[in-house]
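Asks: What follows is the file protein04.txt, containing compact mmCIF, C-alpha atoms and all ligand atoms:
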# COMPACT_ATOMS: atom_id res chain seq x y z
CA MET A 1358 -3.82 -11.92 -30.54
CA LEU A 1359 -2.04 -8.65 -29.72
CA LYS A 1360 0.58 -6.99 -31.92
CA SER A 1361 3.06 -6.91 -29.03
CA GLU A 1362 4.85 -10.21 -28.47
CA SER A 1363 5.69 -9.21 -24.90
CA LEU A 1364 2.01 -8.56 -24.09
CA ASN A 1365 0.98 -11.85 -25.68
CA ASN A 1366 3.44 -13.50 -23.30
CA VAL A 1367 1.71 -11.73 -20.39
CA LEU A 1368 -1.65 -13.15 -21.47
CA GLU A 1369 -0.08 -16.61 -21.58
CA ASN A 1370 0.92 -16.12 -17.91
CA LYS A 1371 4.61 -15.89 -18.77
CA ILE A 1372 6.75 -13.98 -16.29
CA VAL A 1373 7.51 -10.39 -17.34
CA SER A 1374 11.27 -9.86 -17.32
CA TYR A 1375 13.01 -6.50 -16.95
CA GLU A 1376 13.76 -6.48 -20.70
CA ASN A 1377 10.11 -7.35 -21.54
CA ALA A 1378 8.81 -4.61 -19.26
CA LEU A 1379 11.14 -2.06 -20.80
CA GLN A 1380 10.07 -3.09 -24.31
CA ILE A 1381 6.42 -2.83 -23.27
CA TYR A 1382 7.11 0.65 -21.90
CA GLN A 1383 8.85 1.77 -25.12
CA ASP A 1384 5.98 0.43 -27.29
CA ALA A 1385 3.34 2.00 -25.05
CA LYS A 1386 4.86 5.46 -25.29
CA PHE A 1387 3.56 5.66 -28.86
CA ASN A 1388 0.46 3.50 -28.55
CA PRO A 1389 -0.58 2.50 -25.03
CA SER A 1390 -3.96 0.99 -25.92
CA GLU A 1391 -2.79 -2.67 -26.02
CA LEU A 1392 -1.00 -2.26 -22.70
CA PHE A 1393 -4.01 -0.60 -21.09
CA SER A 1394 -6.43 -3.26 -22.30
CA THR A 1395 -4.12 -6.06 -21.12
CA ALA A 1396 -3.88 -4.44 -17.68
CA GLN A 1397 -7.65 -4.03 -17.60
CA ASN A 1398 -8.17 -7.70 -18.51
CA LEU A 1399 -5.83 -8.83 -15.74
CA ARG A 1400 -7.49 -6.51 -13.27
CA GLU A 1401 -10.90 -7.96 -14.08
CA LYS A 1402 -9.59 -11.52 -13.94
CA PHE A 1403 -8.12 -11.12 -10.46
CA LYS A 1404 -10.15 -8.31 -8.89
CA GLY A 1405 -13.50 -8.43 -10.69
CA LYS A 1406 -15.70 -5.35 -10.75
CA THR A 1407 -15.00 -4.19 -7.20
CA VAL A 1408 -12.92 -1.19 -6.20
CA THR A 1409 -12.07 -0.78 -2.52
CA PHE A 1410 -11.17 2.06 -0.17
CA SER A 1411 -10.40 2.44 3.51
CA LYS A 1412 -12.43 4.90 5.58
CA LYS A 1413 -9.80 6.49 7.75
CA ALA A 1414 -8.76 9.24 10.09
CA PHE A 1415 -5.28 10.67 9.39
CA ILE A 1416 -3.55 11.20 12.73
CA ASN A 1417 -0.65 13.58 12.21
CA LEU A 1418 1.16 12.67 15.42
CA ILE A 1419 4.33 14.69 14.81
CA ASN A 1420 5.49 16.26 11.56
CA LEU A 1421 9.00 17.25 12.54
CA CYS A 1422 11.41 15.11 10.53
CA LYS A 1423 15.17 14.62 10.65
CA ASP A 1424 15.35 14.31 6.83
CA THR A 1425 14.59 16.69 3.97
CA CYS A 1426 13.10 15.59 0.66
CA THR A 1427 12.92 18.38 -1.89
CA TYR A 1428 9.24 17.77 -2.76
CA CYS A 1429 7.85 17.49 0.78
CA THR A 1430 5.44 19.90 2.43
CA TYR A 1431 4.40 17.48 5.16
CA LYS A 1432 7.53 18.16 7.21
CA ALA A 1433 7.26 21.19 9.50
CA GLU A 1434 9.91 23.29 11.22
CA PRO A 1435 9.52 24.48 14.82
CA GLY A 1436 7.38 27.61 14.98
CA GLU A 1437 5.58 26.97 11.70
CA GLU A 1438 1.80 27.16 11.72
CA LYS A 1439 1.46 23.64 10.32
CA LEU A 1440 3.59 22.11 13.10
CA SER A 1441 1.78 19.18 14.73
CA LEU A 1442 2.81 17.79 18.11
CA MET A 1443 -0.28 15.93 19.23
CA SER A 1444 -0.86 15.42 22.92
CA LYS A 1445 -2.34 12.21 24.33
CA GLN A 1446 -5.60 14.05 24.84
CA GLU A 1447 -5.69 15.29 21.23
CA VAL A 1448 -5.04 11.79 19.92
CA LYS A 1449 -7.82 10.35 22.05
CA GLN A 1450 -10.21 13.14 20.96
CA ILE A 1451 -9.62 12.52 17.28
CA LEU A 1452 -9.99 8.77 17.74
CA SER A 1453 -13.32 9.25 19.42
CA LEU A 1454 -14.47 11.62 16.67
CA ALA A 1455 -13.29 9.15 14.02
CA LYS A 1456 -15.43 6.46 15.62
CA LYS A 1457 -18.43 8.80 15.55
CA TYR A 1458 -17.81 9.28 11.81
CA ARG A 1459 -17.66 5.46 11.53
CA CYS A 1460 -14.10 5.38 10.30
CA VAL A 1461 -12.35 2.03 10.25
CA GLU A 1462 -8.67 2.91 10.02
CA ALA A 1463 -6.54 5.04 12.32
CA LEU A 1464 -3.63 6.07 10.10
CA PHE A 1465 -0.71 7.19 12.28
CA VAL A 1466 1.87 9.26 10.43
CA THR A 1467 5.08 10.86 11.72
CA GLY A 1468 8.21 12.39 10.25
CA GLU A 1469 11.43 10.36 10.29
CA ARG A 1470 12.84 10.02 13.87
CA PRO A 1471 12.19 13.67 14.80
CA GLU A 1472 13.76 13.26 18.25
CA GLN A 1473 17.17 12.70 16.64
CA LYS A 1474 17.20 16.27 15.35
CA TYR A 1475 14.81 18.50 17.30
CA GLN A 1476 14.78 19.46 20.97
CA GLU A 1477 11.05 20.28 20.51
CA ALA A 1478 10.43 16.61 19.68
CA LYS A 1479 12.41 15.43 22.72
CA ASP A 1480 10.43 17.80 24.95
CA TRP A 1481 7.14 16.67 23.40
CA LEU A 1482 7.97 13.03 24.06
CA LYS A 1483 9.04 13.75 27.63
CA LYS A 1484 5.89 15.76 28.33
CA ASN A 1485 3.75 12.87 27.18
CA GLY A 1486 5.82 10.30 29.07
CA PHE A 1487 7.60 8.52 26.18
CA LYS A 1488 11.23 7.91 25.25
CA SER A 1489 10.79 7.72 21.50
CA THR A 1490 8.26 8.40 18.75
CA ALA A 1491 8.00 4.64 18.24
CA GLU A 1492 7.04 4.16 21.90
CA TYR A 1493 4.37 6.84 21.54
CA LEU A 1494 3.07 5.03 18.45
CA VAL A 1495 2.77 1.77 20.36
CA HIS A 1496 0.52 3.43 22.94
CA ALA A 1497 -1.44 5.48 20.42
CA SER A 1498 -2.16 2.28 18.49
CA GLU A 1499 -3.53 0.69 21.67
CA TRP A 1500 -5.85 3.68 22.18
CA ALA A 1501 -7.04 3.32 18.58
CA LEU A 1502 -7.99 -0.30 19.17
CA GLU A 1503 -9.74 0.65 22.42
CA ALA A 1504 -11.72 3.27 20.48
CA GLY A 1505 -12.84 0.62 17.95
CA LEU A 1506 -10.49 1.63 15.12
CA PHE A 1507 -7.75 -0.37 13.40
CA PRO A 1508 -4.26 1.14 13.39
CA HIS A 1509 -1.98 1.35 10.35
CA THR A 1510 1.33 3.07 11.09
CA ASN A 1511 3.46 4.85 8.54
CA ALA A 1512 6.38 6.33 10.46
CA GLY A 1513 9.39 5.94 8.19
CA ASN A 1514 12.21 3.51 8.77
CA LEU A 1515 11.31 1.71 11.98
CA THR A 1516 13.66 -0.92 13.41
CA PHE A 1517 12.91 -4.63 13.52
CA ASP A 1518 12.11 -4.44 17.25
CA GLU A 1519 9.90 -1.37 16.87
CA MET A 1520 7.90 -3.07 14.13
CA LYS A 1521 7.67 -6.24 16.21
CA GLU A 1522 6.08 -4.24 19.00
CA LEU A 1523 3.71 -2.33 16.70
CA GLN A 1524 2.67 -5.56 15.01
CA LYS A 1525 0.73 -6.48 18.18
CA THR A 1526 -1.78 -3.70 17.54
CA ASN A 1527 -1.37 -2.67 13.90
CA VAL A 1528 -3.29 -4.80 11.42
CA SER A 1529 -0.90 -3.60 8.71
CA MET A 1530 1.87 -1.05 8.28
CA GLY A 1531 3.18 1.14 5.48
CA LEU A 1532 6.47 2.31 4.03
CA MET A 1533 6.82 3.75 0.54
CA LEU A 1534 9.84 2.34 -1.26
CA GLU A 1535 9.52 5.37 -3.59
CA ASN A 1536 12.29 4.21 -5.94
CA VAL A 1537 15.33 1.94 -5.88
CA SER A 1538 17.48 4.44 -7.75
CA GLU A 1539 20.68 5.47 -5.93
CA ARG A 1540 20.90 8.35 -8.43
CA LEU A 1541 17.88 10.05 -6.81
CA SER A 1542 19.97 10.36 -3.62
CA GLN A 1543 22.85 12.17 -5.32
CA LYS A 1544 23.61 15.87 -4.91
CA GLY A 1545 20.86 18.00 -6.46
CA MET A 1546 18.37 15.12 -6.47
CA PRO A 1547 15.18 14.80 -4.33
CA HIS A 1548 16.59 12.40 -1.70
CA TYR A 1549 20.05 13.92 -1.28
CA LEU A 1550 19.31 15.12 2.27
CA ALA A 1551 17.15 12.14 3.24
CA ALA A 1552 19.24 9.26 4.50
CA SER A 1553 16.10 7.26 5.27
CA LYS A 1554 15.21 7.27 1.56
CA ARG A 1555 18.37 5.45 0.50
CA PRO A 1556 17.09 2.38 -1.35
CA LYS A 1557 19.22 0.05 0.78
CA ALA A 1558 17.71 1.43 4.00
CA ARG A 1559 14.13 1.21 2.70
CA LEU A 1560 14.59 -2.30 1.32
CA GLU A 1561 15.99 -3.43 4.67
CA VAL A 1562 12.87 -2.21 6.50
CA LEU A 1563 10.66 -3.94 3.94
CA GLU A 1564 12.74 -7.12 4.33
CA ASN A 1565 12.23 -6.92 8.11
CA SER A 1566 8.49 -6.52 7.63
CA GLY A 1567 8.61 -9.70 5.57
CA LYS A 1568 10.55 -11.59 8.26
CA LEU A 1569 7.95 -10.43 10.81
CA LYS A 1570 5.06 -11.35 8.49
CA ILE A 1571 3.52 -7.89 8.72
CA PRO A 1572 0.96 -7.15 5.98
CA MET A 1573 2.76 -4.29 4.31
CA THR A 1574 1.71 -1.46 2.06
CA THR A 1575 4.48 -0.01 -0.04
CA GLY A 1576 4.69 1.88 -3.28
CA LEU A 1577 6.37 4.25 -5.66
CA LEU A 1578 6.44 7.98 -6.08
CA VAL A 1579 6.05 8.47 -9.81
CA GLY A 1580 7.47 11.48 -11.64
CA ILE A 1581 10.27 12.72 -9.34
CA GLY A 1582 12.91 12.58 -12.07
CA GLU A 1583 13.28 8.81 -12.38
CA THR A 1584 14.05 7.08 -15.67
CA PRO A 1585 11.83 4.31 -17.12
CA GLU A 1586 14.60 1.83 -16.29
CA GLU A 1587 14.62 2.98 -12.66
CA ILE A 1588 10.89 2.76 -12.20
CA ILE A 1589 10.70 -0.69 -13.79
CA SER A 1590 13.55 -1.86 -11.53
CA SER A 1591 11.57 -0.49 -8.56
CA ILE A 1592 8.41 -2.41 -9.49
CA LEU A 1593 10.50 -5.56 -9.92
CA ALA A 1594 12.16 -4.98 -6.52
CA ILE A 1595 8.73 -4.98 -4.85
CA LYS A 1596 7.79 -8.11 -6.75
CA LYS A 1597 10.99 -9.80 -5.56
CA LEU A 1598 10.25 -8.91 -1.93
CA HIS A 1599 6.74 -10.27 -2.26
CA GLU A 1600 7.99 -13.50 -3.82
CA LYS A 1601 10.40 -13.92 -0.91
CA TYR A 1602 8.07 -13.13 2.00
CA GLY A 1603 4.51 -12.96 0.60
CA ASN A 1604 3.63 -9.97 2.81
CA ILE A 1605 3.21 -7.06 0.37
CA GLN A 1606 -0.52 -6.48 0.53
CA GLU A 1607 -0.74 -3.43 -1.66
CA ILE A 1608 1.20 -1.08 -3.91
CA ILE A 1609 0.46 2.63 -3.91
CA LEU A 1610 1.36 4.45 -7.09
CA GLN A 1611 1.52 8.09 -6.17
CA ASN A 1612 1.85 10.68 -8.91
CA PHE A 1613 4.18 13.54 -8.09
CA GLN A 1614 2.50 16.91 -7.74
CA PRO A 1615 4.74 19.96 -7.23
CA LYS A 1616 4.12 21.90 -4.03
CA PRO A 1617 4.58 25.63 -3.53
CA ASP A 1618 7.52 26.61 -1.32
CA THR A 1619 9.51 23.48 -2.08
CA LYS A 1620 12.67 23.10 -4.15
CA MET A 1621 10.65 21.15 -6.71
CA SER A 1622 7.85 23.71 -7.03
CA ASP A 1623 8.74 24.30 -10.71
CA PHE A 1624 9.13 20.62 -11.53
CA PRO A 1625 6.25 19.35 -13.73
CA SER A 1626 3.67 17.01 -12.20
CA ALA A 1627 3.75 13.40 -13.41
CA GLU A 1628 2.32 13.37 -16.93
CA GLU A 1629 -0.96 11.41 -16.92
CA ASN A 1630 -0.17 9.10 -19.84
CA TYR A 1631 3.22 8.21 -18.33
CA PHE A 1632 1.55 7.59 -14.96
CA LYS A 1633 -1.05 5.32 -16.57
CA ILE A 1634 1.66 3.36 -18.36
CA ILE A 1635 3.42 2.80 -15.02
CA VAL A 1636 0.14 1.72 -13.39
CA SER A 1637 -0.50 -0.75 -16.22
CA ILE A 1638 3.03 -2.13 -16.17
CA SER A 1639 2.72 -2.68 -12.41
CA ARG A 1640 -0.47 -4.66 -13.03
CA ILE A 1641 1.08 -6.87 -15.69
CA ILE A 1642 4.19 -7.48 -13.56
CA MET A 1643 2.06 -8.37 -10.52
CA PRO A 1644 -1.36 -9.39 -11.89
CA GLU A 1645 -2.83 -10.32 -8.50
CA MET A 1646 -1.56 -7.34 -6.48
CA ASN A 1647 -3.84 -4.75 -4.90
CA ILE A 1648 -2.90 -1.56 -6.71
CA GLN A 1649 -3.92 1.86 -5.45
CA ILE A 1650 -3.84 5.41 -6.73
CA PRO A 1651 -4.90 8.28 -4.46
CA PRO A 1652 -8.02 9.84 -6.04
CA ASN A 1653 -7.28 13.31 -4.65
CA LEU A 1654 -4.04 13.54 -6.67
CA SER A 1655 -5.90 13.02 -9.97
CA PRO A 1656 -9.08 14.91 -9.07
CA LYS A 1657 -10.44 15.25 -12.59
CA SER A 1658 -9.62 11.83 -13.96
CA TYR A 1659 -9.15 9.32 -11.15
CA GLN A 1660 -11.98 7.09 -12.36
CA SER A 1661 -10.22 6.59 -15.72
CA PHE A 1662 -7.49 4.66 -13.85
CA LEU A 1663 -10.01 1.88 -13.29
CA SER A 1664 -9.47 0.93 -16.92
CA VAL A 1665 -5.69 0.72 -16.66
CA GLY A 1666 -5.33 -1.68 -13.77
CA ILE A 1667 -6.02 -0.17 -10.33
CA SER A 1668 -8.21 -1.87 -7.73
CA ASP A 1669 -8.20 0.50 -4.74
CA TRP A 1670 -8.55 4.18 -3.82
CA GLY A 1671 -6.59 3.93 -0.57
CA GLY A 1672 -7.53 5.74 2.60
CA VAL A 1673 -10.17 8.45 2.32
CA SER A 1674 -11.04 10.52 5.35
CA PRO A 1675 -14.36 12.20 6.02
CA LEU A 1676 -12.88 14.29 8.84
CA THR A 1677 -9.14 14.96 8.52
CA PRO A 1678 -7.15 16.49 5.62
CA ASP A 1679 -4.44 14.68 3.66
CA TYR A 1680 -1.58 16.25 5.60
CA VAL A 1681 0.93 15.00 3.02
CA ASN A 1682 -0.95 16.70 0.17
CA PRO A 1683 -2.99 19.37 1.96
CA GLU A 1684 -3.81 21.27 -1.23
CA PHE A 1685 -5.57 18.18 -2.64
CA SER A 1686 -8.65 17.45 -0.55
CA TRP A 1687 -10.18 13.99 -0.83
CA PRO A 1688 -13.33 13.75 -2.91
CA GLU A 1689 -16.41 12.87 -0.88
CA ILE A 1690 -16.91 9.13 -0.50
CA LYS A 1691 -20.34 9.47 -2.15
CA LYS A 1692 -18.73 11.14 -5.17
CA ILE A 1693 -16.06 8.43 -5.43
CA GLU A 1694 -18.82 5.83 -5.29
CA GLU A 1695 -20.81 7.59 -8.02
CA ASN A 1696 -17.78 7.94 -10.30
CA SER A 1697 -16.77 4.31 -9.71
CA LYS A 1698 -20.31 3.17 -10.50
CA ASN A 1699 -20.39 5.20 -13.73
CA ALA A 1700 -17.18 3.42 -14.74
CA GLY A 1701 -18.85 0.05 -14.01
CA PHE A 1702 -17.39 -0.69 -10.56
CA ASP A 1703 -18.86 -1.25 -7.09
CA LEU A 1704 -17.22 0.66 -4.26
CA LYS A 1705 -16.62 -1.40 -1.11
CA CYS A 1706 -14.98 -0.47 2.17
CA ARG A 1707 -12.05 -2.60 3.31
CA PHE A 1708 -10.07 -2.81 6.52
CA PRO A 1709 -6.50 -1.48 6.49
CA ILE A 1710 -5.61 -5.15 5.99
CA TYR A 1711 -6.79 -6.99 2.87
CA PRO A 1712 -8.66 -10.28 3.38
CA GLU A 1713 -5.86 -12.31 1.73
CA PHE A 1714 -3.64 -11.44 4.72
CA PHE A 1715 -6.00 -12.13 7.62
CA SER A 1716 -3.98 -15.21 8.61
CA PHE A 1717 -0.97 -12.93 9.30
CA ILE A 1718 -2.54 -11.23 12.34
CA SER A 1719 -3.51 -12.36 15.83
CA LYS A 1720 -6.83 -13.86 16.87
CA GLU A 1721 -7.37 -10.89 19.20
CA LEU A 1722 -7.22 -8.47 16.28
CA ARG A 1723 -9.38 -10.72 14.10
CA ASP A 1724 -12.00 -10.93 16.89
CA LYS A 1725 -12.15 -7.13 17.09
CA MET A 1726 -12.58 -6.89 13.31
CA SER A 1727 -15.39 -9.43 13.28
CA VAL A 1728 -17.77 -6.92 14.90
CA ILE A 1729 -17.97 -4.89 11.69
CA GLU A 1730 -16.84 -7.49 9.13
CA ASN A 1731 -19.03 -8.99 6.42
CA GLU A 1732 -18.83 -12.42 4.77
CA GLU A 1733 -16.35 -11.12 2.14
CA GLY A 1734 -13.87 -9.98 4.82
CA LEU A 1735 -14.76 -6.36 4.07
CA VAL A 1736 -16.53 -3.78 6.24
CA LYS A 1737 -20.29 -4.17 6.67
CA GLU A 1738 -22.17 -1.61 4.58
CA GLU A 1739 -24.40 -0.61 7.48
CA TYR A 1740 -21.28 0.41 9.41
CA TRP A 1741 -19.43 2.59 6.89
CA ARG A 1742 -22.30 4.20 5.00
S1 LIG B 1 8.89 12.94 2.68
FE1 LIG B 1 9.02 12.00 4.73
S2 LIG B 1 11.23 11.70 5.06
FE2 LIG B 1 11.02 13.18 3.38
S3 LIG B 1 11.07 15.19 4.41
FE3 LIG B 1 8.93 14.61 4.19
S4 LIG B 1 8.42 13.63 6.14
FE4 LIG B 1 10.65 13.67 5.98
Could you render the structure as structure tokens?

Replies:
Amino acid sequence: MLKSESLNNVLENKIVSYENALQIYQDAKFNPSELFSTAQNLREKFKGKTVTFSKKAFINLINLCKDTCTYCTYKAEPGEEKLSLMSKQEVKQILSLAKKYRCVEALFVTGERPEQKYQEAKDWLKKNGFKSTAEYLVHASEWALEAGLFPHTNAGNLTFDEMKELQKTNVSMGLMLENVSERLSQKGMPHYLAASKRPKARLEVLENSGKLKIPMTTGLLVGIGETPEEIISSILAIKKLHEKYGNIQEIILQNFQPKPDTKMSDFPSAEENYFKIIVSISRIIMPEMNIQIPPNLSPKSYQSFLSVGISDWGGVSPLTPDYVNPEFSWPEIKKIEENSKNAGFDLKCRFPIYPEFFSFISKELRDKMSVIENEEGLVKEEYWR
């Protein structure tokens, strides 16, 4: 029996309301141990002693972006050294290298509709023979499949029709909800100059992914100035979407890290105890969800998150940097495995789609996966090691 009535309710499988979650948060601020142990129990009940990751190549197709978020260093401006405008040939080269490294996932990332703002993006598309970034993504995803990799596209707010087209080749797709707070889009706040980050716009894309039955990865950016109420509302919004459509395969909880040369460079990074409380609350609100934290953003302590509710390390690349967080290189897969083992967990490699969602995708895609798939629906050890 726990001291907290709200946590006892969680253990009795009662639904966690907004008020309960807020009470749990307030109690945990002073003593998080009961919350952490409850999250750990639920994690073990539903996910056992396995922690997964996806062996990926990060394909930075184009990093021009029509929006501006005050924490972002991914977005480039024309002429900057970090500008990426990948040609067909470059995409094919990296796919072939990724296969040599025995990667499984081809993660395609772009800025938000760059062609709406930049002539450079229009010229780049024209040169490669495409009308839009989405059209380029459709073809690049086909090349990934041909190369023996499985595409997962994260290209901002795609339309229903664009997602419908990409669904033919992508085994899953991604769009961070980040937060449902309208306040974070007000003047002086991180999303003021990013129309695509308006909660209504993001939720609509996630709704469309549900209508299309696309296995979807979403998540929250933790520590960008949100209140506890706002972050709890955001977790509950994801839960609501999943209850409606059943297609949210995974939640990424990404801790904010300030980047040099951004407006938020002096903003503190997400405090670790706060971040752990949010991870644990996500677990108790959605006990069966796949919950991920990126290990490179907590380089010294990522393994300690295994005892507060996470079940996945996300995509880790042996050959490309994390272009969104270039100053945080991924730990080596061997090191992640060793640290997971020391914490009592077995590291296994998954596809960019979790086994619970295999029925969402076509037989053609399933047949391609079967070549490197084991009896658990994960990637054969002899392939990824
Ligand atoms: S976070 Fe995404 S939408 Fe915001 S500026 Fe960066 S690339 Fe653009």

Asks: Give the residue list for ligand LIG 1 (chain B) at 10 Å, counting all atoms listed in the file, as an NGL selection string, sorted by chain and then by residue number.

Replies: :A and (1419-1433 or 1466-1471 or 1511-1514 or 1533 or 1535 or 1547-1548 or 1550-1554 or 1681)

Asks: In terms of the shortest atom-to-atom distance over only C-alpha atoms, which of A:Pro1712, A:Gly1580, A:Pro1435, A:Pro1688 is closest to A:Leu1676?

Replies: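 Counting only C-alpha atoms, the residue closest to A:Leu1676 is A:Pro1688.
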
Asks: Can you pull out every residue within 10 Å of stretch 1723-1728 of chain A, counting only C-alpha atoms, but drop anything in the same chain fewer than 2 positions away, and send it as a compact mmCIF listing (two decimals) with C-alpha atoms, keeping the file's coordinate frame?

Replies:
# COMPACT_ATOMS: atom_id res chain seq x y z
CA VAL A 1461 -12.35 2.03 10.25
CA LEU A 1502 -7.99 -0.30 19.17
CA GLU A 1503 -9.74 0.65 22.42
CA GLY A 1505 -12.84 0.62 17.95
CA LEU A 1506 -10.49 1.63 15.12
CA PHE A 1507 -7.75 -0.37 13.40
CA VAL A 1528 -3.29 -4.80 11.42
CA PHE A 1708 -10.07 -2.81 6.52
CA PHE A 1715 -6.00 -12.13 7.62
CA SER A 1716 -3.98 -15.21 8.61
CA PHE A 1717 -0.97 -12.93 9.30
CA ILE A 1718 -2.54 -11.23 12.34
CA SER A 1719 -3.51 -12.36 15.83
CA LYS A 1720 -6.83 -13.86 16.87
CA GLU A 1721 -7.37 -10.89 19.20
CA GLU A 1730 -16.84 -7.49 9.13
CA ASN A 1731 -19.03 -8.99 6.42
CA GLU A 1732 -18.83 -12.42 4.77
CA GLY A 1734 -13.87 -9.98 4.82
CA LEU A 1735 -14.76 -6.36 4.07
CA VAL A 1736 -16.53 -3.78 6.24
CA LYS A 1737 -20.29 -4.17 6.67
CA TYR A 1740 -21.28 0.41 9.41

Asks: If I take atom CA of A:Gln1380 and atom CA of A:Leu1610, how far is one from the other in Å, to one decimal?

Replies: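 About the pair atom CA of A:Gln1380 and atom CA of A:Leu1610: they are 20.7 Å apart.
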
Asks: Which neighbours of A:Phe1465 fall inside 8 Å, counting all atoms listed in the file, when residues of the same chain fewer than 4 positions from it are skipped, and could you give them as a list in words?

Replies: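 Surrounding residues, per the criterion: Phe1415, Ile1416, Asn1417, Leu1418, Leu1494, Pro1508, His1509, Thr1510, Asn1511 and Ala1512 of chain A.
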
Asks: Could you name the residues that touch A:Asn1653 at 8 Å or less, counting all atoms listed in the file, but leaving out those on the same chain fewer than 3 positions away, as a list of chain:residue names?

Replies: A:Pro1656, A:Tyr1659, A:Phe1685, A:Ser1686, A:Trp1687, A:Pro1688

Asks: What does the file look like for those residues with C-alpha atoms, as a PDB file, in the frame of the given file?

Replies:
ATOM      1  CA  PRO A1656      -9.080  14.910  -9.070  1.00  0.00           C
ATOM      2  CA  TYR A1659      -9.150   9.320 -11.150  1.00  0.00           C
ATOM      3  CA  PHE A1685      -5.570  18.180  -2.640  1.00  0.00           C
ATOM      4  CA  SER A1686      -8.650  17.450  -0.550  1.00  0.00           C
ATOM      5  CA  TRP A1687     -10.180  13.990  -0.830  1.00  0.00           C
ATOM      6  CA  PRO A1688     -13.330  13.750  -2.910  1.00  0.00           C
TER       7      PRO A1688
END

Asks: Closest to A:Leu1392 among A:Ile1634, A:Ser1668, A:Met1520, A:Glu1492, using all atoms listed in the file?

Replies: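 With all atoms listed in the file as the atom set, the closest residue is A:Ile1634.
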
Asks: Mind giving me the straight-line distance from atom CA of A:Asn1612 to atom CA of A:Gly1405 in Å, one decimal?

Replies: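 It comes out at 24.6 Å.
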